[in-house]
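Novice: Structure in structure tokens, see below.
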Amino acid sequence: MKELIDSFLDYLSVERALAKNTIAAYRQDLNMYLDFMIKRKIEALSRINKNDIVEFMLFEKDNGISPTSISRRLAAIRMFHRFLSRERVIKSDPTVLIDSPKLWKKVPDTLSLNEVEALIGQPQARDRQGARDKAILETLYATGMRVSESTDLKTNNVNLDIGFLRCIGKGNKERIIPLGKKAIQSIKRYLEFSRPYFLKKKTSECLFISRSGARLSRQSVWKLIKRYAKEAKIKKPIKVHTLRHSFATHLLERGADLRSVQEMLGHSNISTTQIYTHIDKERLKTVHKQFHPRP
């Protein structure tokens, strides 16, 4: 069964061009799924039925796994069984009649404008690493890019003259995102002051690099975000996509249309973007009081 997981993940990588992080998540989910089946003495994929999969989902729920994570695992299981059915490893797909757990769409954690300013203001542009870190933070907030997309960003994907960058997102989908003046200034400072010093005699096509001239990892960027948030004394939980969430929320709060934000974020489904359309309750109350005939 483990060999079939490898075949399925190869298919996702080659045929579907899914990101490495997505494939790694699918591998983890499917290994947990098959381990559960093996413990139930089910050692052939053809013997798995709908009830077995439902039992796995209930087991996950009883162990405190969130509905979001269970739904993600079910998505991996669905794709796996569809692949097995198409390859005629199994006669029928047991996931066809299984409903996804109902999800409460949680509003993502975001920073206020003042908190964003405090965060981005922590790196010292006089320092070479500080100039790089400031450029990274400015770029993440200016574009709403995923952290993994920023580490994959190439120098030839950025046009500072016209203020746009070309982002390669999930499934190798390309999108064009505008850059603001502050991000452009920070990137220029980094390119002139820091990057040549880090490279020395090396070459790299990656925009953001480490002090040794190597490509920055996703984990390195995540660590610097957490460090500067701590230095800025931000008390809110900081997650890997906090700046991405803040970018989308701040745009929509200021009147940006949903379709444009969807395009910049690289969401294939607009319902994913709609979670950012929460409106401050106090503002709603103010509008209601101002315009309702019987306030």
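Ordered as shown in the structure tokens, chains take letters A, B, and onward, while each chain numbers its residues from 1 and ligands are numbered from 1 in the order shown.
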Please return, as an MDAnalysis selection string, all residues of range 11-255 of chain A that DSSP assigns to alpha helix (DSSP H) on the basis of the backbone.

Specialist: chainID A and resid 11:14 20:39 50:62 67:86 113:120 128:143 147:152 181:193 195:199 218:231 242:253

Novice: Excluding Glu192 in chain A and its own-chain neighbours fewer than 6 positions away, which residues fall within 12 Å of it when counting only C-alpha atoms? Please give them as a list in words.

Specialist: Ala125, Arg128, Ala131, Arg132, Ala135, Gln185, Ser186, Phe198 and Leu199 of chain A

Novice: Using backbone DSSP assignments, extract all strand (DSSP E or B) residues from range 9-195 of chain A; output them as a list in words.

Specialist: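 Checking each residue of range 9-195 of chain A, the strand (DSSP E or B) ones are Lys154, Val158, Asn159, Phe164, Leu165, Arg166, Cys167, Ile168, Glu174, Arg175, Ile176, Ile177 and Pro178 of chain A.
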
Novice: Store the residues picked out above, limited to N, CA and C atoms, as an mmCIF file, in the first residue's frame.

Specialist:
```
data_model
loop_
_atom_site.group_PDB
_atom_site.id
_atom_site.type_symbol
_atom_site.label_atom_id
_atom_site.label_comp_id
_atom_site.auth_asym_id
_atom_site.auth_seq_id
_atom_site.Cartn_x
_atom_site.Cartn_y
_atom_site.Cartn_z
ATOM 1 N N LYS A 154 12.552 34.824 -8.248
ATOM 2 C CA LYS A 154 13.817 35.024 -8.967
ATOM 3 C C LYS A 154 14.017 36.523 -9.239
ATOM 4 N N VAL A 158 11.186 40.165 -11.074
ATOM 5 C CA VAL A 158 10.842 41.442 -10.447
ATOM 6 C C VAL A 158 11.233 42.582 -11.377
ATOM 7 N N ASN A 159 10.257 43.444 -11.683
ATOM 8 C CA ASN A 159 10.518 44.632 -12.506
ATOM 9 C C ASN A 159 10.274 45.865 -11.648
ATOM 10 N N PHE A 164 6.136 45.816 -10.726
ATOM 11 C CA PHE A 164 5.387 44.557 -10.719
ATOM 12 C C PHE A 164 6.340 43.400 -10.483
ATOM 13 N N LEU A 165 5.789 42.299 -9.974
ATOM 14 C CA LEU A 165 6.568 41.069 -9.933
ATOM 15 C C LEU A 165 5.726 39.920 -10.470
ATOM 16 N N ARG A 166 6.418 38.912 -10.969
ATOM 17 C CA ARG A 166 5.761 37.716 -11.516
ATOM 18 C C ARG A 166 5.924 36.599 -10.498
ATOM 19 N N CYS A 167 4.807 36.115 -9.991
ATOM 20 C CA CYS A 167 4.813 35.100 -8.941
ATOM 21 C C CYS A 167 4.365 33.758 -9.511
ATOM 22 N N ILE A 168 5.114 32.708 -9.201
ATOM 23 C CA ILE A 168 4.735 31.347 -9.597
ATOM 24 C C ILE A 168 4.156 30.671 -8.367
ATOM 25 N N GLU A 174 0.894 31.151 -12.778
ATOM 26 C CA GLU A 174 1.591 32.430 -12.747
ATOM 27 C C GLU A 174 0.602 33.570 -12.524
ATOM 28 N N ARG A 175 1.017 34.545 -11.728
ATOM 29 C CA ARG A 175 0.207 35.745 -11.562
ATOM 30 C C ARG A 175 1.127 36.955 -11.449
ATOM 31 N N ILE A 176 0.599 38.083 -11.856
ATOM 32 C CA ILE A 176 1.337 39.341 -11.808
ATOM 33 C C ILE A 176 0.775 40.186 -10.669
ATOM 34 N N ILE A 177 1.661 40.680 -9.788
ATOM 35 C CA ILE A 177 1.218 41.435 -8.613
ATOM 36 C C ILE A 177 1.949 42.772 -8.575
ATOM 37 N N PRO A 178 1.220 43.867 -8.336
ATOM 38 C CA PRO A 178 1.885 45.178 -8.231
ATOM 39 C C PRO A 178 2.738 45.279 -6.968
#
```

Novice: Which distance in Å separates CA of Leu97 in chain A and CA of Asp6 in chain A, to one decimal?

Specialist: 25.6 Å

Novice: Tell me which of A:Ala232, A:Asp152, A:Pro123, A:Lys188 sits closest to Arg215 in chain A, counting only C-alpha atoms.

Specialist: A:Asp152

Novice: Find, counting only C-alpha atoms, the residue in A:Ser204, A:Ser66, A:Ser112, A:Asn172 that gets nearest to Leu18 in chain A.

Specialist: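 Among the listed residues, the smallest separation from Leu18 in chain A belongs to A:Asn172.
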